[in-house]
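Asker: This is the structure I have questions about; it appears just below.
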Amino acid sequence: MRQSIIQWFRFASPQSFYPLAGRMIPWFWAAAIIFGIGGLWISFFVAPTDAQQGEGYRIIFVHVPASWMSMFIYLVMAFWAGLGLVLNTRVSGMMAQALAPTGALMAALSLWTGALWGKPMWGAWWVWDARLTSELILFFLYLGFMALQAAIDDPRRADKAGAILALVGVVNIPIIYFSVKWWNTLHQGSTINLNKAPSMAQTMLWGMLLMALSFWMYSIAVALMRVRAIILERERHTEWVKHAVE
Amino acid sequence: MNAFLATVRRDLLLALRRKSEVLTAVFFFVIVTSLFPLGIGPEPVLLKKIAPGILWVAALLATLLGLPRLFSADHVDGTLEQMALSPSPLGLLVAGKILAHWLLCGLPLVLLAPILGLQFDLDASTLGILTLALLLGTPLLSLIGAIGAALTLGVRGGGVLLALLVLPLYIPALIFGAGAVEAHSAGLGAGGHLSLLAAMLALAGFFAPWATTAALRIALE
Amino acid sequence: MQWNSVGEFFAMGGYALYVWGSFGACALLMIAEPFLARRRLSDVRKSLARERLADELELQQKNS
């Protein structure tokens with residue numbers, strides 16, 4: 001038991017995490033591509049045309065995974081940031097920093113695809129629907145996190161300040177979601193509801209699940225690529241980096 | 001507790017010596033709310049409908065205006081480091097500073113809101129709810145804002161960055177605060193909104209000084 | 001399979017703009033992002049290699 005804990009902590013040092021990440025990246029890419037091909041196949045060739053929404057509903061196969069990932073990545077980011085704050089491990093902070101741009105990308109994709117879905121279904125590019133609004137606020141939270149980290153020159157301080165912001169954000173996300181939902185029901189009782197729109201067929205669920213897995217693997221792969229760059233940038237004056245880059 | 005009151009007293013005294021800084025935020029609040037009717041038009045029905053939203057957004061921005069000053073002066077002259085080293089817990093002193101900030105930047109807004117509400121043709125009971133909502137909401141804004149102020153302490157581009165960090169976190173306060181007034185006008189009763197606002201205030205009152213202290217310690221390292 | 005021709009597939013039952021706009025944006029950004037991440041890594045590596053070279057040259061000059 002003790003042995004295995006020590007084993008885990010060994011990877012918490014940038015020096016051993018850098019090659020490990022390098023070895024893992026191709027596997028995550030392969031998984032992302034395989035799940036992606038399967039998901040795309042189902043979303044275009046297996047899933048039947050929707051009775052109400054025609055072919056337009058197929059946007060769901062990228063919209064929902066992007067929304068899921070944007071929320072999930074924020075949680076993972078806050079987890080790494082909090083871990084870095086408690087255990088004072090350097091890789092945790094770098095991991096949080098590497099995840100933020102991918103999370104922001106997912107939030108942006110979710111908003112973009114949401115708008116493209118909304119136009120034919122609701123007749124407007126943007127509706128102040130509770131979910132879209134919360135997604136927008138989540139996007140702002142990502143931007144704040146990245147801006148704070150970019151503004152602080154000392155990387156250790158940037159990590160810790162970012163960690164506090166991420167944790168405050170995690171506490172606030174449920175409150176924000178709840179308040180937006182409350183606000184939404186108060187102001188537009190009779191308008192559209194995203195829940196009712198597609199009646200979920202079994203194949204649709206499978207398509208969405210595969211696409212979500214693909215997005216997940218993609219996020220891990222790209223975050224690991226970024227964390228490798230961050231490790232080298234921050235540790236450039238250490239001896240091991242000079243040997244690692246031949 | 002003595003240290004807490006001493007901090008509040010000290011910050012109030014310092015602010016009274018530099019009155020213009022406090023008054024700037026208050027004037028900002030007055031001017032911004034008066035600009036909206038000029039931009040939108042003087043139609044009473046419309047103004048009455050958007051009044052709570054306008055007053056609340058203006059209050060958010062006015063609070064934001066005072067936030068960068070919350071810790072910066074003490075950081076520059078080294079007082080903050082003395083506070084961190086003092087025997088009384090830093091969290092208590094920070095809470096004192098936040099309370100002083102609210103007394104200087106939040107309370108004047110609460111007191112002015114009923115008068116500004118008259119510009120929008122709000123009736124007496126609506127004005128009462130508006131004031132009550134702001135009374136519960138502005139301390140919440142000061143508490144959340146303090147975390148942002150501590151995080152951006154001594155960071156370049158601090159003021160704009162602070163707005164970017166803090167404004168998304170202000171959204172629940174805005175929704176429930178302005179919502180209380182609207183619910184009251186619609187005859188639904190503002191009780192639910194106000195109690196949620198109070199619950200958030202209690203939550204922030206417990207966690208925010210703690211998070212602010214942690215952020216300050218990082219900035220002082 | 002519900003498509004009778006390639007044209008029908010690309011028309012997406014009249015929703016082409018919305019469906020391909022969504023999938024296209026995802027594809028574009030999800031190809032661009034790894035590309036940028038890779039470039040960031042190779043940039044650091046290049047500058048590190050340059051530093052190393054400079055160090056070696058300095059060493060040689062001292063020795064000679």
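Identifiers in this document derive from the order of the structure tokens: chains are assigned A, B, ..., residues are numbered from 1 separately in each chain, and ligands are numbered from 1 in order of occurrence.
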Define the interface residues of chain B facing chain A as those within 7 Å, counting only C-alpha atoms, and report them as a PDB file with N, CA and C atoms, in the first residue's frame.
Answerer:
```
ATOM      1  N   LEU B 151      -7.120  38.396  -5.042  1.00  0.00           N
ATOM      2  CA  LEU B 151      -6.454  37.612  -6.087  1.00  0.00           C
ATOM      3  C   LEU B 151      -5.687  38.499  -7.057  1.00  0.00           C
ATOM      4  N   VAL B 155      -1.267  42.786  -9.293  1.00  0.00           N
ATOM      5  CA  VAL B 155      -1.147  42.171 -10.613  1.00  0.00           C
ATOM      6  C   VAL B 155      -1.358  43.242 -11.669  1.00  0.00           C
ATOM      7  N   ARG B 156      -0.599  43.145 -12.782  1.00  0.00           N
ATOM      8  CA  ARG B 156      -0.769  44.190 -13.796  1.00  0.00           C
ATOM      9  C   ARG B 156      -2.143  44.064 -14.461  1.00  0.00           C
ATOM     10  N   LEU B 161      -9.081  43.173 -14.897  1.00  0.00           N
ATOM     11  CA  LEU B 161      -9.060  41.746 -14.578  1.00  0.00           C
ATOM     12  C   LEU B 161     -10.051  41.447 -13.451  1.00  0.00           C
ATOM     13  N   LEU B 164     -13.472  41.179 -14.724  1.00  0.00           N
ATOM     14  CA  LEU B 164     -13.661  39.920 -15.453  1.00  0.00           C
ATOM     15  C   LEU B 164     -13.867  38.742 -14.497  1.00  0.00           C
ATOM     16  N   LEU B 165     -13.147  38.761 -13.374  1.00  0.00           N
ATOM     17  CA  LEU B 165     -13.253  37.658 -12.418  1.00  0.00           C
ATOM     18  C   LEU B 165     -14.548  37.727 -11.625  1.00  0.00           C
ATOM     19  N   PRO B 168     -18.996  37.623 -13.306  1.00  0.00           N
ATOM     20  CA  PRO B 168     -19.789  36.386 -13.442  1.00  0.00           C
ATOM     21  C   PRO B 168     -20.271  35.854 -12.099  1.00  0.00           C
ATOM     22  N   LEU B 169     -19.462  36.062 -11.055  1.00  0.00           N
ATOM     23  CA  LEU B 169     -19.854  35.552  -9.738  1.00  0.00           C
ATOM     24  C   LEU B 169     -20.975  36.399  -9.122  1.00  0.00           C
ATOM     25  N   ILE B 171     -23.638  37.284 -10.683  1.00  0.00           N
ATOM     26  CA  ILE B 171     -24.905  37.058 -11.385  1.00  0.00           C
ATOM     27  C   ILE B 171     -26.035  36.562 -10.480  1.00  0.00           C
ATOM     28  N   PRO B 172     -25.786  35.566  -9.580  1.00  0.00           N
ATOM     29  CA  PRO B 172     -26.901  35.154  -8.716  1.00  0.00           C
ATOM     30  C   PRO B 172     -27.460  36.303  -7.874  1.00  0.00           C
ATOM     31  N   ILE B 175     -29.640  38.388 -10.098  1.00  0.00           N
ATOM     32  CA  ILE B 175     -30.903  37.738 -10.457  1.00  0.00           C
ATOM     33  C   ILE B 175     -31.886  37.784  -9.291  1.00  0.00           C
ATOM     34  N   ALA B 215      -6.107  33.987  -0.366  1.00  0.00           N
ATOM     35  CA  ALA B 215      -5.604  34.692  -1.549  1.00  0.00           C
ATOM     36  C   ALA B 215      -4.589  35.754  -1.154  1.00  0.00           C
ATOM     37  N   ILE B 218      -1.226  34.245  -0.418  1.00  0.00           N
ATOM     38  CA  ILE B 218      -0.510  33.916  -1.651  1.00  0.00           C
ATOM     39  C   ILE B 218       0.132  35.167  -2.243  1.00  0.00           C
TER      40      ILE B 218
END
```
Asker: Tell me, counting only C-alpha atoms, for each residue of chain A within 10 Å of chain C, which pair of atoms is nearest and how far apart they are in Å to one decimal, in rows ordered by chain and increasing number, as JSON lines.
Answerer:
```
{"residue": "A:Leu40", "atom": "CA", "partner": "C:Phe23", "partner_atom": "CA", "distance": 9.9}
{"residue": "A:Phe44", "atom": "CA", "partner": "C:Phe9", "partner_atom": "CA", "distance": 8.6}
{"residue": "A:Phe45", "atom": "CA", "partner": "C:Met1", "partner_atom": "CA", "distance": 5.6}
{"residue": "A:Val46", "atom": "CA", "partner": "C:Met1", "partner_atom": "CA", "distance": 6.3}
{"residue": "A:Ala47", "atom": "CA", "partner": "C:Met1", "partner_atom": "CA", "distance": 8.6}
{"residue": "A:Pro48", "atom": "CA", "partner": "C:Gln2", "partner_atom": "CA", "distance": 7.2}
{"residue": "A:Thr49", "atom": "CA", "partner": "C:Gln2", "partner_atom": "CA", "distance": 7.8}
{"residue": "A:Gln53", "atom": "CA", "partner": "C:Tyr15", "partner_atom": "CA", "distance": 9.7}
{"residue": "A:Gly54", "atom": "CA", "partner": "C:Gly13", "partner_atom": "CA", "distance": 6.7}
{"residue": "A:Glu55", "atom": "CA", "partner": "C:Met12", "partner_atom": "CA", "distance": 5.6}
{"residue": "A:Gly56", "atom": "CA", "partner": "C:Tyr15", "partner_atom": "CA", "distance": 5.4}
{"residue": "A:Tyr57", "atom": "CA", "partner": "C:Val19", "partner_atom": "CA", "distance": 8.1}
{"residue": "A:Arg58", "atom": "CA", "partner": "C:Val19", "partner_atom": "CA", "distance": 6.7}
{"residue": "A:Ile59", "atom": "CA", "partner": "C:Val19", "partner_atom": "CA", "distance": 5.6}
{"residue": "A:Ile60", "atom": "CA", "partner": "C:Val19", "partner_atom": "CA", "distance": 9.3}
{"residue": "A:Phe61", "atom": "CA", "partner": "C:Phe23", "partner_atom": "CA", "distance": 8.9}
{"residue": "A:Val62", "atom": "CA", "partner": "C:Phe23", "partner_atom": "CA", "distance": 6.9}
{"residue": "A:His63", "atom": "CA", "partner": "C:Ser22", "partner_atom": "CA", "distance": 8.0}
{"residue": "A:Ala66", "atom": "CA", "partner": "C:Cys26", "partner_atom": "CA", "distance": 9.0}
{"residue": "A:Ala98", "atom": "CA", "partner": "C:Ala37", "partner_atom": "CA", "distance": 9.7}
{"residue": "A:Pro101", "atom": "CA", "partner": "C:Glu33", "partner_atom": "CA", "distance": 9.1}
{"residue": "A:Thr102", "atom": "CA", "partner": "C:Glu33", "partner_atom": "CA", "distance": 8.1}
{"residue": "A:Leu105", "atom": "CA", "partner": "C:Leu29", "partner_atom": "CA", "distance": 7.8}
{"residue": "A:Met106", "atom": "CA", "partner": "C:Cys26", "partner_atom": "CA", "distance": 8.9}
{"residue": "A:Ala108", "atom": "CA", "partner": "C:Cys26", "partner_atom": "CA", "distance": 9.8}
{"residue": "A:Leu109", "atom": "CA", "partner": "C:Cys26", "partner_atom": "CA", "distance": 6.5}
{"residue": "A:Ser110", "atom": "CA", "partner": "C:Ser22", "partner_atom": "CA", "distance": 9.2}
{"residue": "A:Trp112", "atom": "CA", "partner": "C:Ser22", "partner_atom": "CA", "distance": 7.1}
{"residue": "A:Thr113", "atom": "CA", "partner": "C:Ser22", "partner_atom": "CA", "distance": 5.0}
{"residue": "A:Gly114", "atom": "CA", "partner": "C:Ser22", "partner_atom": "CA", "distance": 8.6}
{"residue": "A:Ala115", "atom": "CA", "partner": "C:Tyr18", "partner_atom": "CA", "distance": 9.0}
{"residue": "A:Leu116", "atom": "CA", "partner": "C:Tyr18", "partner_atom": "CA", "distance": 5.2}
{"residue": "A:Trp117", "atom": "CA", "partner": "C:Tyr18", "partner_atom": "CA", "distance": 6.6}
{"residue": "A:Gly118", "atom": "CA", "partner": "C:Tyr18", "partner_atom": "CA", "distance": 9.3}
{"residue": "A:Lys119", "atom": "CA", "partner": "C:Tyr18", "partner_atom": "CA", "distance": 8.1}
{"residue": "A:Pro120", "atom": "CA", "partner": "C:Tyr18", "partner_atom": "CA", "distance": 7.8}
{"residue": "A:Phe215", "atom": "CA", "partner": "C:Met30", "partner_atom": "CA", "distance": 9.2}
{"residue": "A:Tyr218", "atom": "CA", "partner": "C:Met30", "partner_atom": "CA", "distance": 8.3}
{"residue": "A:Ser219", "atom": "CA", "partner": "C:Met30", "partner_atom": "CA", "distance": 9.4}
{"residue": "A:Ala221", "atom": "CA", "partner": "C:Pro34", "partner_atom": "CA", "distance": 8.5}
{"residue": "A:Val222", "atom": "CA", "partner": "C:Pro34", "partner_atom": "CA", "distance": 5.7}
{"residue": "A:Ala223", "atom": "CA", "partner": "C:Ala37", "partner_atom": "CA", "distance": 8.5}
{"residue": "A:Leu224", "atom": "CA", "partner": "C:Ala37", "partner_atom": "CA", "distance": 9.3}
{"residue": "A:Met225", "atom": "CA", "partner": "C:Ala37", "partner_atom": "CA", "distance": 6.1}
{"residue": "A:Arg226", "atom": "CA", "partner": "C:Ala37", "partner_atom": "CA", "distance": 5.4}
{"residue": "A:Val227", "atom": "CA", "partner": "C:Leu41", "partner_atom": "CA", "distance": 9.1}
{"residue": "A:Arg228", "atom": "CA", "partner": "C:Leu41", "partner_atom": "CA", "distance": 6.9}
{"residue": "A:Ala229", "atom": "CA", "partner": "C:Leu41", "partner_atom": "CA", "distance": 4.4}
{"residue": "A:Ile230", "atom": "CA", "partner": "C:Leu41", "partner_atom": "CA", "distance": 8.0}
{"residue": "A:Ile231", "atom": "CA", "partner": "C:Leu41", "partner_atom": "CA", "distance": 9.5}
{"residue": "A:Leu232", "atom": "CA", "partner": "C:Val44", "partner_atom": "CA", "distance": 6.7}
{"residue": "A:Glu233", "atom": "CA", "partner": "C:Val44", "partner_atom": "CA", "distance": 6.3}
{"residue": "A:Arg236", "atom": "CA", "partner": "C:Leu48", "partner_atom": "CA", "distance": 7.2}
{"residue": "A:His237", "atom": "CA", "partner": "C:Leu48", "partner_atom": "CA", "distance": 9.3}
{"residue": "A:Val241", "atom": "CA", "partner": "C:Leu48", "partner_atom": "CA", "distance": 8.5}
{"residue": "A:Lys242", "atom": "CA", "partner": "C:Arg52", "partner_atom": "CA", "distance": 7.2}
{"residue": "A:His243", "atom": "CA", "partner": "C:Arg52", "partner_atom": "CA", "distance": 9.6}
{"residue": "A:Ala244", "atom": "CA", "partner": "C:Arg45", "partner_atom": "CA", "distance": 9.6}
{"residue": "A:Val245", "atom": "CA", "partner": "C:Arg45", "partner_atom": "CA", "distance": 6.6}
{"residue": "A:Glu246", "atom": "CA", "partner": "C:Ala49", "partner_atom": "CA", "distance": 7.3}
```
Asker: When distances are computed from only C-alpha atoms, which of B:Ala113, B:Leu196, B:Val76, B:Leu104 shows the smallest separation from B:Gly128?
Answerer: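 Closest candidate: B:Ala113.
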Asker: Which residues, written as a list in words, have at least one atom at most 10 Å from B:Val30, with only C-alpha atoms counted and residues fewer than 4 positions away on the same chain left out?
Answerer: Thr24, Ala25, Val26, Ser34, Leu35, Leu55, Ala58, Ala59, Ala62, Leu109, Leu112, Ala113, Ile115 and Leu116 of chain B
Asker: Any chance you can output those residues with N, CA and C atoms as a PDB file, in the first residue's frame?
Answerer:
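Writing the result to out.pdb gives the following:
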```pdb
ATOM      1  N   THR B  24     -16.830  59.300  -5.236  1.00  0.00           N
ATOM      2  CA  THR B  24     -16.788  58.964  -6.667  1.00  0.00           C
ATOM      3  C   THR B  24     -17.739  57.822  -6.993  1.00  0.00           C
ATOM      4  N   ALA B  25     -17.676  56.743  -6.179  1.00  0.00           N
ATOM      5  CA  ALA B  25     -18.519  55.576  -6.448  1.00  0.00           C
ATOM      6  C   ALA B  25     -19.994  55.942  -6.345  1.00  0.00           C
ATOM      7  N   VAL B  26     -20.313  56.779  -5.346  1.00  0.00           N
ATOM      8  CA  VAL B  26     -21.710  57.175  -5.147  1.00  0.00           C
ATOM      9  C   VAL B  26     -22.209  58.006  -6.328  1.00  0.00           C
ATOM     10  N   SER B  34     -29.191  57.646 -13.930  1.00  0.00           N
ATOM     11  CA  SER B  34     -29.894  58.744 -14.604  1.00  0.00           C
ATOM     12  C   SER B  34     -29.695  58.718 -16.108  1.00  0.00           C
ATOM     13  N   LEU B  35     -28.647  58.005 -16.560  1.00  0.00           N
ATOM     14  CA  LEU B  35     -28.396  57.962 -18.006  1.00  0.00           C
ATOM     15  C   LEU B  35     -29.416  57.084 -18.728  1.00  0.00           C
ATOM     16  N   LEU B  55     -31.043  49.642 -11.551  1.00  0.00           N
ATOM     17  CA  LEU B  55     -30.469  50.024 -10.256  1.00  0.00           C
ATOM     18  C   LEU B  55     -29.490  48.950  -9.778  1.00  0.00           C
ATOM     19  N   ALA B  58     -26.270  49.017 -11.914  1.00  0.00           N
ATOM     20  CA  ALA B  58     -25.481  50.191 -11.522  1.00  0.00           C
ATOM     21  C   ALA B  58     -24.816  49.961 -10.169  1.00  0.00           C
ATOM     22  N   ALA B  59     -25.533  49.299  -9.255  1.00  0.00           N
ATOM     23  CA  ALA B  59     -24.944  49.018  -7.936  1.00  0.00           C
ATOM     24  C   ALA B  59     -23.756  48.059  -8.062  1.00  0.00           C
ATOM     25  N   ALA B  62     -20.873  50.091  -9.397  1.00  0.00           N
ATOM     26  CA  ALA B  62     -20.360  51.051  -8.415  1.00  0.00           C
ATOM     27  C   ALA B  62     -19.543  50.338  -7.335  1.00  0.00           C
ATOM     28  N   LEU B 109     -25.176  53.323  -1.285  1.00  0.00           N
ATOM     29  CA  LEU B 109     -26.016  52.928  -2.427  1.00  0.00           C
ATOM     30  C   LEU B 109     -27.401  52.525  -1.946  1.00  0.00           C
ATOM     31  N   LEU B 112     -29.330  55.567  -1.064  1.00  0.00           N
ATOM     32  CA  LEU B 112     -29.677  56.409  -2.221  1.00  0.00           C
ATOM     33  C   LEU B 112     -30.724  55.753  -3.116  1.00  0.00           C
ATOM     34  N   ALA B 113     -30.771  54.418  -3.093  1.00  0.00           N
ATOM     35  CA  ALA B 113     -31.636  53.699  -4.036  1.00  0.00           C
ATOM     36  C   ALA B 113     -33.094  54.161  -4.002  1.00  0.00           C
ATOM     37  N   ILE B 115     -34.340  57.020  -3.386  1.00  0.00           N
ATOM     38  CA  ILE B 115     -34.467  58.336  -4.038  1.00  0.00           C
ATOM     39  C   ILE B 115     -34.350  58.184  -5.552  1.00  0.00           C
ATOM     40  N   LEU B 116     -33.354  57.364  -5.971  1.00  0.00           N
ATOM     41  CA  LEU B 116     -33.187  57.155  -7.413  1.00  0.00           C
ATOM     42  C   LEU B 116     -34.379  56.397  -7.989  1.00  0.00           C
TER      43      LEU B 116
END
```
Asker: What is the atom CA of A:Ala32-atom CA of A:Trp216 distance in Å, reported with one decimal?
Answerer: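 Between these atoms lies a distance of 7.5 Å.
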Asker: Which is closest to B:Glu182 among B:Ala149, B:Val32, B:Leu23, B:Leu194, if we use only C-alpha atoms?
Answerer: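 That would be B:Leu194, the residue with the smallest distance to B:Glu182.
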Asker: One decimal, in Å: what's the spacing between atom CA of A:Ala21 and atom CA of A:Met217?
Answerer: 13.6 Å
Asker: Smallest atom-to-atom distance to B:Ala146: which of B:Ala208, B:Ser195, B:Leu201, B:Gly117, using only C-alpha atoms?
Answerer: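 Looking at the shortest contact to B:Ala146, the residue is B:Ala208.
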Asker: Report as a ChimeraX atom specification: the residues of chain C with a DSSP assignment of alpha helix (DSSP H), based on the backbone of this structure.
Answerer: /C:6-11,16-63
Asker: Counting only C-alpha atoms, which residue out of B:Ala133, B:Leu65, B:Leu90, B:Leu122 sits closest to B:Ile50?
Answerer: B:Leu122
